[in-house]
Amino acid sequence: MSKKISTIFLSLFLIGILSVSCSNADKTGAGDGNSTGAGDGNSAVDSSKGIEQFNGNSYVSAQSYTVPQLGTGYLWISVKDGKVGISTSADNANEPTYQGYFPVTGSGTDYSFSTDYYGQPNAIKGTLKFSSDGSSVTIMFTANPAFPENLLNINILCNDTTGAGDGSTTTKGIEQFNNNSYVSESAIMGSLYLWVSVKDSEVAMSGGNDQTSEPSYQGYMNVTGSGTDYNFSSDYYGQPNAIKGTLKFSDTSVTVRFTANPVYPENLLNKDIVCNKK
């Protein structure tokens, strides 16, 4: 990308133009004994320690992201001297120069940050969540004056890789859950239960009267993501992408969270709905 485009893209990333989950591109630190569980000497994150246990680690998104009219690049995250830096690069093999590092609060796997924005104190806020072995980190912005609403409080999952940019190991996508059905633990509205179906690498949702009789689905939609974490968006009676949310899978369940849904009351938005596998 051109120098001008790269500079603009970098500046936007530094205030959080995307929320992403990134793979560890530097296997030093977490995973080699520098970041150990309490007394076990293994690669688990120590809940009693802070961000410094990830010092020397760098993380890079395994796929590039395009910001309209600005360009395409990869997001890089660096931990150094107990602080975090964010930058971008044209590829995921060559780590860029970081313009600055900022402090975070927290311990173990979970951290929070806040920074000023053009004179507005703590206007940019978010969280960092490291995986249990320190091999990845998820960034989520909860407040950012530069963001549209649909970029707040969501994770954009990057494909996990081993090594920086070699693409040798990638996690699977939604197809690994094909032919699975899930139903909510309890009714979500009145007597209606939420059902989720994965078929032909697409997802459908519908309401059912009970937890035993799977309902008919009106259609399946594409999702984005890989591994356990996915995002979805769907039109609603001519309103583009009016229904949005996330899916997080485990071995036996999927947790659905709607971040926007014209049909739902406010108390059902941004709420985890656990659906167990049938």
# chains A, B, ... in the order shown; residues from 1 in each chain; ligands from 1
>>> residues_around(residues="Ser184 of chain A", least_positions_apart="5", cutoff="12 Å", atoms="only C-alpha atoms", output="VMD selection string")
chain A and resid 189 191 to 197 205 to 212 214 253 to 257 272 to 278
>>> residues_around(residues="Asn179 of chain A", least_positions_apart="6", cutoff="9 Å", atoms="only C-alpha atoms", output="list in words")
Ser197, Val198, Lys199 and Asp200 of chain A
>>> select_by_dssp(residues="segment 241-277 of chain A", states="strand (DSSP E)", output="VMD selection string")
chain A and resid 241 to 249 253 to 260 272 to 277
>>> atom_distance(atom1="atom CA of Val60 of chain A", atom2="atom CA of Lys125 of chain A")
20.8 Å
>>> atom_distance(atom1="atom CA of Phe130 of chain A", atom2="atom CA of Thr109 of chain A")
4.7 Å
>>> closest_residue(among="A:Gly219, A:Ala93, A:Asn153, A:Gly190", to="Leu269 of chain A", atoms="only C-alpha atoms")
A:Asn153
>>> atom_distance(atom1="atom CA of Lys83 of chain A", atom2="atom CA of Thr97 of chain A")
15.0 Å
>>> closest_residue(among="A:Val79, A:Val183, A:Met140, A:Leu268", to="Ile51 of chain A", atoms="only C-alpha atoms")
A:Val79
>>> residues_around(residues="Gly100 of chain A", least_positions_apart="6", cutoff="10 Å", atoms="only C-alpha atoms", output="list in words")
Leu14, Lys83, Val84, Gly85, Ile86 and Ser87 of chain A
>>> write_last_selection(atoms="all heavy atoms", output="short mmCIF file (atom, residue, chain, number, x, y, z; two decimals), in the first residue's frame")
data_model
loop_
_atom_site.label_atom_id
_atom_site.label_comp_id
_atom_site.auth_asym_id
_atom_site.auth_seq_id
_atom_site.Cartn_x
_atom_site.Cartn_y
_atom_site.Cartn_z
N LEU A 14 -4.45 2.51 15.52
CA LEU A 14 -3.97 2.89 16.85
C LEU A 14 -5.10 3.36 17.74
O LEU A 14 -5.01 3.30 18.95
CB LEU A 14 -2.90 3.98 16.74
CG LEU A 14 -1.57 3.51 16.16
CD1 LEU A 14 -0.62 4.68 16.02
CD2 LEU A 14 -0.94 2.43 17.03
N LYS A 83 3.75 -2.92 29.01
CA LYS A 83 2.80 -2.08 28.28
C LYS A 83 2.49 -2.72 26.93
O LYS A 83 3.16 -3.66 26.50
CB LYS A 83 3.36 -0.66 28.09
CG LYS A 83 3.55 0.11 29.38
CD LYS A 83 4.07 1.51 29.10
CE LYS A 83 4.23 2.30 30.39
NZ LYS A 83 4.71 3.68 30.14
N VAL A 84 1.47 -2.17 26.25
CA VAL A 84 1.00 -2.74 24.99
C VAL A 84 1.14 -1.72 23.87
O VAL A 84 0.82 -0.54 24.04
CB VAL A 84 -0.47 -3.19 25.11
CG1 VAL A 84 -1.03 -3.63 23.77
CG2 VAL A 84 -0.60 -4.32 26.13
N GLY A 85 1.59 -2.19 22.72
CA GLY A 85 1.64 -1.36 21.52
C GLY A 85 0.84 -2.00 20.41
O GLY A 85 0.73 -3.23 20.33
N ILE A 86 0.25 -1.16 19.54
CA ILE A 86 -0.55 -1.65 18.41
C ILE A 86 -0.06 -0.95 17.15
O ILE A 86 0.16 0.26 17.15
CB ILE A 86 -2.04 -1.38 18.62
CG1 ILE A 86 -2.54 -2.06 19.89
CG2 ILE A 86 -2.85 -1.85 17.41
CD1 ILE A 86 -3.97 -1.73 20.23
N SER A 87 0.10 -1.71 16.08
CA SER A 87 0.49 -1.12 14.81
C SER A 87 -0.01 -2.00 13.68
O SER A 87 -0.66 -3.02 13.92
CB SER A 87 2.02 -0.96 14.74
OG SER A 87 2.40 -0.20 13.61
#
